[in-house]
Amino acid sequence: MPSCYILHSRKLNKYYVGASKGSAEERLRTHLAREFGTKAFTASVDDWVVVLEMSTDTYQMALRIEKKIKVQ
């Protein structure tokens, strides 16, 4: 199920907001495996945890929520 999610890193004391066509846990595994490359923001540390997941009916809705959060 599509979702918008927020990850947190204690090492960086930063949050990361993203959207996924699957669950936040599935997406977290791809971040931790550095599937987005070693230069990606989430690749700098390996202590990311999911702090919030909002399941949506469509991926487009997840993207809209992600953008709303990032604009704040």
# chains A, B, ... in the order shown; residues from 1 in each chain; ligands from 1
call {"tool": "select_by_dssp", "arguments": {"residues": "chain A", "states": "strand (DSSP E)", "output": "JSON, numbers by chain"}}
result
{"A": [3, 4, 5, 6, 7, 8, 9, 14, 15, 16, 17, 18, 19, 20, 49, 50, 51, 52, 53, 54, 55]}
call {"tool": "residues_around", "arguments": {"residues": "A:Tyr16", "least_positions_apart": "3", "cutoff": "9 Å", "atoms": "only C-alpha atoms", "output": "PDB file with C-alpha atoms, in the first residue's frame"}}
result
ATOM      1  CA  TYR A   5       6.785   8.353   5.781  1.00  0.00           C
ATOM      2  CA  ILE A   6       9.202  10.194   8.044  1.00  0.00           C
ATOM      3  CA  LEU A   7      12.551   8.715   9.029  1.00  0.00           C
ATOM      4  CA  HIS A   8      14.780   9.970  11.850  1.00  0.00           C
ATOM      5  CA  SER A   9      18.516   9.601  12.401  1.00  0.00           C
ATOM      6  CA  PHE A  41      21.252  11.920   1.877  1.00  0.00           C
ATOM      7  CA  THR A  42      20.080   8.776   3.646  1.00  0.00           C
ATOM      8  CA  TRP A  48      17.392   5.570  10.244  1.00  0.00           C
TER       9      TRP A  48
END
call {"tool": "residues_around", "arguments": {"residues": "A:Asp46", "least_positions_apart": "4", "cutoff": "10 Å", "atoms": "only C-alpha atoms", "output": "PyMOL selection string"}}
result
chain A and resi 9-11+31-34+42
call {"tool": "write_last_selection", "arguments": {"atoms": "N, CA and C atoms", "output": "PDB file, in the first residue's frame"}}
result
ATOM      1  N   SER A   9      17.172  10.085  12.095  1.00  0.00           N
ATOM      2  CA  SER A   9      18.516   9.601  12.401  1.00  0.00           C
ATOM      3  C   SER A   9      19.001  10.295  13.664  1.00  0.00           C
ATOM      4  N   ARG A  10      19.341   9.520  14.676  1.00  0.00           N
ATOM      5  CA  ARG A  10      19.904  10.103  15.903  1.00  0.00           C
ATOM      6  C   ARG A  10      21.301  10.663  15.648  1.00  0.00           C
ATOM      7  N   LYS A  11      22.078   9.968  14.833  1.00  0.00           N
ATOM      8  CA  LYS A  11      23.450  10.420  14.560  1.00  0.00           C
ATOM      9  C   LYS A  11      23.466  11.802  13.924  1.00  0.00           C
ATOM     10  N   HIS A  31      16.749   2.201   1.698  1.00  0.00           N
ATOM     11  CA  HIS A  31      17.626   3.294   2.134  1.00  0.00           C
ATOM     12  C   HIS A  31      18.849   2.729   2.851  1.00  0.00           C
ATOM     13  N   LEU A  32      18.630   1.801   3.775  1.00  0.00           N
ATOM     14  CA  LEU A  32      19.733   1.233   4.553  1.00  0.00           C
ATOM     15  C   LEU A  32      20.680   0.405   3.685  1.00  0.00           C
ATOM     16  N   ALA A  33      20.160  -0.183   2.617  1.00  0.00           N
ATOM     17  CA  ALA A  33      20.992  -0.960   1.695  1.00  0.00           C
ATOM     18  C   ALA A  33      21.711  -0.056   0.688  1.00  0.00           C
ATOM     19  N   ARG A  34      21.465   1.236   0.791  1.00  0.00           N
ATOM     20  CA  ARG A  34      22.075   2.242  -0.085  1.00  0.00           C
ATOM     21  C   ARG A  34      21.765   1.987  -1.566  1.00  0.00           C
ATOM     22  N   THR A  42      20.291   9.839   2.659  1.00  0.00           N
ATOM     23  CA  THR A  42      20.080   8.776   3.646  1.00  0.00           C
ATOM     24  C   THR A  42      21.243   7.797   3.723  1.00  0.00           C
TER      25      THR A  42
END
call {"tool": "atom_distance", "arguments": {"atom1": "atom CA of A:Ala19", "atom2": "atom CA of A:Asp47"}}
result
18.9 Å
call {"tool": "select_by_dssp", "arguments": {"residues": "stretch 15-66 of chain A", "states": "alpha helix (DSSP H)", "output": "ChimeraX atom specification"}}
result
/A:24-32,59-66
call {"tool": "residues_around", "arguments": {"residues": "stretch 63-72 of chain A", "least_positions_apart": "2", "cutoff": "7 Å", "atoms": "only C-alpha atoms", "output": "number ranges by chain"}}
result
A: 4, 17-19, 59-61
call {"tool": "atom_distance", "arguments": {"atom1": "atom CA of A:Asn13", "atom2": "atom CA of A:Lys39"}}
result
18.4 Å
call {"tool": "atom_distance", "arguments": {"atom1": "atom CA of A:Asp57", "atom2": "atom CA of A:Tyr15"}}
result
24.1 Å
call {"tool": "residues_around", "arguments": {"residues": "A:Ala24", "least_positions_apart": "3", "cutoff": "8 Å", "atoms": "only C-alpha atoms", "output": "list in words"}}
result
Ser3, Cys4, Tyr5, Ser20, Arg27, Leu28, Val50 and Glu53 of chain A
call {"tool": "write_last_selection", "arguments": {"atoms": "C-alpha atoms", "output": "PDB file, in the first residue's frame"}}
result
ATOM      1  CA  SER A   3       2.567   5.612   1.983  1.00  0.00           C
ATOM      2  CA  CYS A   4       4.208   8.833   3.043  1.00  0.00           C
ATOM      3  CA  TYR A   5       6.785   8.353   5.781  1.00  0.00           C
ATOM      4  CA  SER A  20       6.732   5.055  -1.404  1.00  0.00           C
ATOM      5  CA  ARG A  27      11.447   1.625   1.721  1.00  0.00           C
ATOM      6  CA  LEU A  28      13.623   1.875   4.840  1.00  0.00           C
ATOM      7  CA  VAL A  50      10.541   5.038  10.808  1.00  0.00           C
ATOM      8  CA  GLU A  53       3.903   6.245   8.308  1.00  0.00           C
TER       9      GLU A  53
END
call {"tool": "decode", "arguments": {"residues": "chain A", "atoms": "C-alpha atoms", "output": "JSON list (two decimals), in the first residue's frame"}}
result
[["chain", "number", "residue", "atom", "x", "y", "z"],
["A", 1, "MET", "CA", 0.00, 0.00, 0.00],
["A", 2, "PRO", "CA", 1.40, 3.45, -0.89],
["A", 3, "SER", "CA", 2.57, 5.61, 1.98],
["A", 4, "CYS", "CA", 4.21, 8.83, 3.04],
["A", 5, "TYR", "CA", 6.79, 8.35, 5.78],
["A", 6, "ILE", "CA", 9.20, 10.19, 8.04],
["A", 7, "LEU", "CA", 12.55, 8.71, 9.03],
["A", 8, "HIS", "CA", 14.78, 9.97, 11.85],
["A", 9, "SER", "CA", 18.52, 9.60, 12.40],
["A", 10, "ARG", "CA", 19.90, 10.10, 15.90],
["A", 11, "LYS", "CA", 23.45, 10.42, 14.56],
["A", 12, "LEU", "CA", 22.49, 13.33, 12.31],
["A", 13, "ASN", "CA", 19.59, 14.56, 14.46],
["A", 14, "LYS", "CA", 17.69, 14.99, 11.18],
["A", 15, "TYR", "CA", 14.43, 13.87, 9.65],
["A", 16, "TYR", "CA", 13.82, 12.59, 6.13],
["A", 17, "VAL", "CA", 10.39, 12.76, 4.48],
["A", 18, "GLY", "CA", 9.57, 10.45, 1.59],
["A", 19, "ALA", "CA", 6.85, 8.68, -0.34],
["A", 20, "SER", "CA", 6.73, 5.06, -1.40],
["A", 21, "LYS", "CA", 4.60, 2.77, -3.53],
["A", 22, "GLY", "CA", 4.97, 0.19, -0.75],
["A", 23, "SER", "CA", 5.31, 0.28, 3.02],
["A", 24, "ALA", "CA", 7.69, 2.53, 4.92],
["A", 25, "GLU", "CA", 9.52, -0.52, 6.29],
["A", 26, "GLU", "CA", 10.17, -1.79, 2.76],
["A", 27, "ARG", "CA", 11.45, 1.62, 1.72],
["A", 28, "LEU", "CA", 13.62, 1.88, 4.84],
["A", 29, "ARG", "CA", 15.36, -1.36, 3.82],
["A", 30, "THR", "CA", 16.24, 0.17, 0.44],
["A", 31, "HIS", "CA", 17.63, 3.29, 2.13],
["A", 32, "LEU", "CA", 19.73, 1.23, 4.55],
["A", 33, "ALA", "CA", 20.99, -0.96, 1.69],
["A", 34, "ARG", "CA", 22.07, 2.24, -0.09],
["A", 35, "GLU", "CA", 20.13, 1.27, -3.20],
["A", 36, "PHE", "CA", 19.87, 4.98, -4.04],
["A", 37, "GLY", "CA", 23.66, 5.31, -4.15],
["A", 38, "THR", "CA", 26.31, 6.35, -1.64],
["A", 39, "LYS", "CA", 25.80, 10.07, -2.32],
["A", 40, "ALA", "CA", 22.12, 10.03, -1.32],
["A", 41, "PHE", "CA", 21.25, 11.92, 1.88],
["A", 42, "THR", "CA", 20.08, 8.78, 3.65],
["A", 43, "ALA", "CA", 23.31, 6.92, 2.78],
["A", 44, "SER", "CA", 25.43, 9.03, 5.13],
["A", 45, "VAL", "CA", 24.35, 7.07, 8.24],
["A", 46, "ASP", "CA", 22.78, 3.70, 8.98],
["A", 47, "ASP", "CA", 20.59, 4.44, 11.99],
["A", 48, "TRP", "CA", 17.39, 5.57, 10.24],
["A", 49, "VAL", "CA", 14.13, 4.53, 11.91],
["A", 50, "VAL", "CA", 10.54, 5.04, 10.81],
["A", 51, "VAL", "CA", 8.86, 7.54, 13.14],
["A", 52, "LEU", "CA", 5.66, 8.05, 11.13],
["A", 53, "GLU", "CA", 3.90, 6.24, 8.31],
["A", 54, "MET", "CA", 0.71, 7.43, 6.64],
["A", 55, "SER", "CA", -0.84, 4.82, 4.36],
["A", 56, "THR", "CA", -2.72, 6.23, 1.38],
["A", 57, "ASP", "CA", -4.99, 4.87, -1.32],
["A", 58, "THR", "CA", -2.74, 6.04, -4.15],
["A", 59, "TYR", "CA", 0.92, 6.87, -4.69],
["A", 60, "GLN", "CA", -0.11, 10.30, -6.00],
["A", 61, "MET", "CA", -1.74, 11.07, -2.64],
["A", 62, "ALA", "CA", 1.44, 9.98, -0.84],
["A", 63, "LEU", "CA", 3.45, 12.36, -3.03],
["A", 64, "ARG", "CA", 1.05, 15.24, -2.26],
["A", 65, "ILE", "CA", 1.37, 14.64, 1.48],
["A", 66, "GLU", "CA", 5.17, 14.44, 1.17],
["A", 67, "LYS", "CA", 5.29, 17.79, -0.64],
["A", 68, "LYS", "CA", 2.96, 19.42, 1.92],
["A", 69, "ILE", "CA", 5.21, 18.31, 4.77],
["A", 70, "LYS", "CA", 8.37, 19.48, 3.01],
["A", 71, "VAL", "CA", 6.90, 22.94, 2.36],
["A", 72, "GLN", "CA", 6.25, 23.47, 6.08]]
